[in-house]
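Some notes on the structure that comes next.
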Amino acid sequence: MAEIKIRLNKKEHGAFYVLEGEQQMGEMVIGIAGKALTAYHTEVLPEAEGKGYGRQLLDALVAYAREHQLQVVPLCPYVHAQFKRHPENYADIWNPEAAAE
């Protein structure tokens, strides 16, 4: 079973990591500023694609944003695509109109 961890530096930049045992299988690079959590990039190792790691990283990001009452800025193409495909699932943490301004 994969484990998701978050690591942030003092400037609140870092990533969510998906680990299988000791091996990092993927990451979602983020930054937090005020009440905004920006998702910059998601990457999963080629040999780990198709195992749902991207979704697990997204779920961890969403849970973290909700727990900390943050609004997500989905600059990452994967996160943005998921938010656009299922806006009803993310309405509490994403305002697409704000991104257009």
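Chains: A, B, ... in order of the structure tokens. Residues: from 1 per chain. Ligands: from 1, in order shown.
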
Selection near range 27-36 of chain A, 7 Å with only C-alpha atoms, sequence-local residues under 4 positions removed, as a CSV table (one decimal) with N, CA, C and O atoms, in the first residue's frame:
```csv
chain,number,residue,atom,x,y,z
A,12,GLU,N,7.2,27.3,3.2
A,12,GLU,CA,6.0,26.6,2.9
A,12,GLU,C,6.0,26.2,1.4
A,12,GLU,O,5.0,26.2,0.7
A,13,HIS,N,7.2,25.8,0.9
A,13,HIS,CA,7.3,25.2,-0.5
A,13,HIS,C,7.7,23.8,-0.2
A,13,HIS,O,8.5,23.5,0.7
A,14,GLY,N,7.2,22.9,-1.1
A,14,GLY,CA,7.6,21.5,-0.9
A,14,GLY,C,6.7,20.6,-1.8
A,14,GLY,O,6.4,21.0,-3.0
A,15,ALA,N,6.3,19.4,-1.3
A,15,ALA,CA,5.6,18.5,-2.2
A,15,ALA,C,4.9,17.5,-1.3
A,15,ALA,O,5.3,17.2,-0.2
A,16,PHE,N,3.9,16.9,-1.9
A,16,PHE,CA,3.4,15.6,-1.5
A,16,PHE,C,4.1,14.5,-2.2
A,16,PHE,O,4.4,14.6,-3.4
A,17,TYR,N,4.5,13.5,-1.5
A,17,TYR,CA,5.2,12.3,-2.1
A,17,TYR,C,4.5,11.1,-1.9
A,17,TYR,O,3.9,10.8,-0.8
A,18,VAL,N,4.5,10.2,-2.9
A,18,VAL,CA,3.9,8.9,-2.8
A,18,VAL,C,5.0,7.9,-2.7
A,18,VAL,O,6.0,7.9,-3.5
A,40,TYR,N,1.9,23.0,-8.5
A,40,TYR,CA,2.7,23.4,-9.6
A,40,TYR,C,2.9,22.3,-10.6
A,40,TYR,O,2.9,22.5,-11.8
A,41,HIS,N,3.2,21.1,-10.1
A,41,HIS,CA,3.6,20.0,-11.0
A,41,HIS,C,3.3,18.6,-10.3
A,41,HIS,O,3.6,18.5,-9.1
A,42,THR,N,2.9,17.7,-11.1
A,42,THR,CA,2.7,16.3,-10.6
A,42,THR,C,3.5,15.4,-11.6
A,42,THR,O,3.4,15.5,-12.8
A,43,GLU,N,4.2,14.5,-11.0
A,43,GLU,CA,5.0,13.5,-11.8
A,43,GLU,C,5.0,12.2,-11.0
A,43,GLU,O,5.2,12.1,-9.8
A,44,VAL,N,4.8,11.1,-11.8
A,44,VAL,CA,4.9,9.8,-11.4
A,44,VAL,C,5.9,9.1,-12.2
A,44,VAL,O,6.0,9.3,-13.4
A,57,LEU,N,-2.2,11.4,-4.9
A,57,LEU,CA,-1.6,12.7,-4.6
A,57,LEU,C,-2.6,13.8,-4.6
A,57,LEU,O,-2.6,14.6,-3.7
A,70,LEU,N,-7.7,26.1,2.8
A,70,LEU,CA,-6.9,26.8,1.8
A,70,LEU,C,-7.7,26.7,0.5
A,70,LEU,O,-8.5,25.8,0.2
A,71,GLN,N,-7.5,27.7,-0.4
A,71,GLN,CA,-8.0,27.7,-1.8
A,71,GLN,C,-6.9,27.2,-2.7
A,71,GLN,O,-5.7,27.7,-2.6
A,72,VAL,N,-7.2,26.3,-3.6
A,72,VAL,CA,-6.2,25.7,-4.5
A,72,VAL,C,-6.1,26.5,-5.8
A,72,VAL,O,-7.1,26.8,-6.4
A,73,VAL,N,-4.9,26.7,-6.1
A,73,VAL,CA,-4.5,27.4,-7.4
A,73,VAL,C,-3.9,26.3,-8.3
A,73,VAL,O,-2.8,25.9,-8.1
```

Margin query: Between CA of Glu20 in chain A and CA of Leu45 in chain A, what is the distance in Å, rounded to a tenth?
Written below: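 Interatomic distance, CA of Glu20 in chain A to CA of Leu45 in chain A: 11.8 Å.
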
Checklist line | Top pick for closest residue to His68 in chain A, considering A:Ala39, A:Ile93, A:Glu47, A:Arg7 and counting only C-alpha atoms | finding: A:Ile93

Note to self: Could you go through chain A and tell me which residues DSSP, when run on the backbone, assigns to helix (DSSP H, G or I), listing them as number ranges by chain?
What the structure shows: A: 46-48, 53-67, 77-85, 87-90, 96-100

Margin query: Can you pull out the residues contacting Leu19 in chain A? Cut-off 10 Å, using only C-alpha atoms, and skip same-chain residues under 3 positions away; I want them as a list in words.
Written below: Met1, Ala2, Glu3, Ile4, Lys5, Phe16, Glu22, Gln23, Gln24, Met25, Gly26, Glu27 and Tyr53 of chain A

Margin query: Considering only strand (DSSP E) as DSSP defines it on the backbone, what residues of chain A qualify? List them as a ChimeraX atom specification.
Written below: /A:3-8,13-20,23-33,36-44,71-74

Restricting it to C-alpha atoms, dump the selection as a PDB file, in the first residue's frame.
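Ended up saving to selection-v1.pdb:
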```pdb
ATOM      1  CA  GLU A   3       1.931   6.049   1.646  1.00  0.00           C
ATOM      2  CA  ILE A   4       1.528   9.780   1.010  1.00  0.00           C
ATOM      3  CA  LYS A   5       3.725  12.238   2.895  1.00  0.00           C
ATOM      4  CA  ILE A   6       4.031  15.995   2.750  1.00  0.00           C
ATOM      5  CA  ARG A   7       7.248  17.908   3.286  1.00  0.00           C
ATOM      6  CA  LEU A   8       7.372  21.693   3.423  1.00  0.00           C
ATOM      7  CA  HIS A  13       7.288  25.197  -0.457  1.00  0.00           C
ATOM      8  CA  GLY A  14       7.582  21.475  -0.928  1.00  0.00           C
ATOM      9  CA  ALA A  15       5.620  18.511  -2.155  1.00  0.00           C
ATOM     10  CA  PHE A  16       3.362  15.599  -1.464  1.00  0.00           C
ATOM     11  CA  TYR A  17       5.250  12.349  -2.060  1.00  0.00           C
ATOM     12  CA  VAL A  18       3.889   8.885  -2.784  1.00  0.00           C
ATOM     13  CA  LEU A  19       6.095   6.138  -1.372  1.00  0.00           C
ATOM     14  CA  GLU A  20       6.088   2.374  -1.845  1.00  0.00           C
ATOM     15  CA  GLN A  23      10.979   4.184  -2.908  1.00  0.00           C
ATOM     16  CA  GLN A  24       9.463   7.476  -4.026  1.00  0.00           C
ATOM     17  CA  MET A  25       7.056   6.720  -6.874  1.00  0.00           C
ATOM     18  CA  GLY A  26       5.841  10.250  -7.532  1.00  0.00           C
ATOM     19  CA  GLU A  27       5.407  13.768  -6.255  1.00  0.00           C
ATOM     20  CA  MET A  28       3.137  16.790  -6.448  1.00  0.00           C
ATOM     21  CA  VAL A  29       5.078  20.048  -6.042  1.00  0.00           C
ATOM     22  CA  ILE A  30       3.221  22.736  -4.086  1.00  0.00           C
ATOM     23  CA  GLY A  31       3.617  26.087  -2.405  1.00  0.00           C
ATOM     24  CA  ILE A  32       1.484  27.785   0.238  1.00  0.00           C
ATOM     25  CA  ALA A  33       1.143  31.552   0.556  1.00  0.00           C
ATOM     26  CA  ALA A  36      -3.610  29.825  -1.267  1.00  0.00           C
ATOM     27  CA  LEU A  37      -2.153  26.398  -1.968  1.00  0.00           C
ATOM     28  CA  THR A  38      -0.610  26.340  -5.449  1.00  0.00           C
ATOM     29  CA  ALA A  39      -0.150  22.992  -7.193  1.00  0.00           C
ATOM     30  CA  TYR A  40       2.737  23.400  -9.648  1.00  0.00           C
ATOM     31  CA  HIS A  41       3.596  19.979 -11.006  1.00  0.00           C
ATOM     32  CA  THR A  42       2.691  16.311 -10.632  1.00  0.00           C
ATOM     33  CA  GLU A  43       4.993  13.538 -11.751  1.00  0.00           C
ATOM     34  CA  VAL A  44       4.900   9.766 -11.355  1.00  0.00           C
ATOM     35  CA  GLN A  71      -7.985  27.668  -1.761  1.00  0.00           C
ATOM     36  CA  VAL A  72      -6.199  25.668  -4.461  1.00  0.00           C
ATOM     37  CA  VAL A  73      -4.547  27.364  -7.437  1.00  0.00           C
ATOM     38  CA  PRO A  74      -4.187  24.482  -9.943  1.00  0.00           C
TER      39      PRO A  74
END
```

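Among the candidates A:His80, A:Asn9, A:Tyr90, A:Gly21, the residue lying nearest to Arg66 in chain A is A:Tyr90 (atoms considered: only C-alpha atoms).
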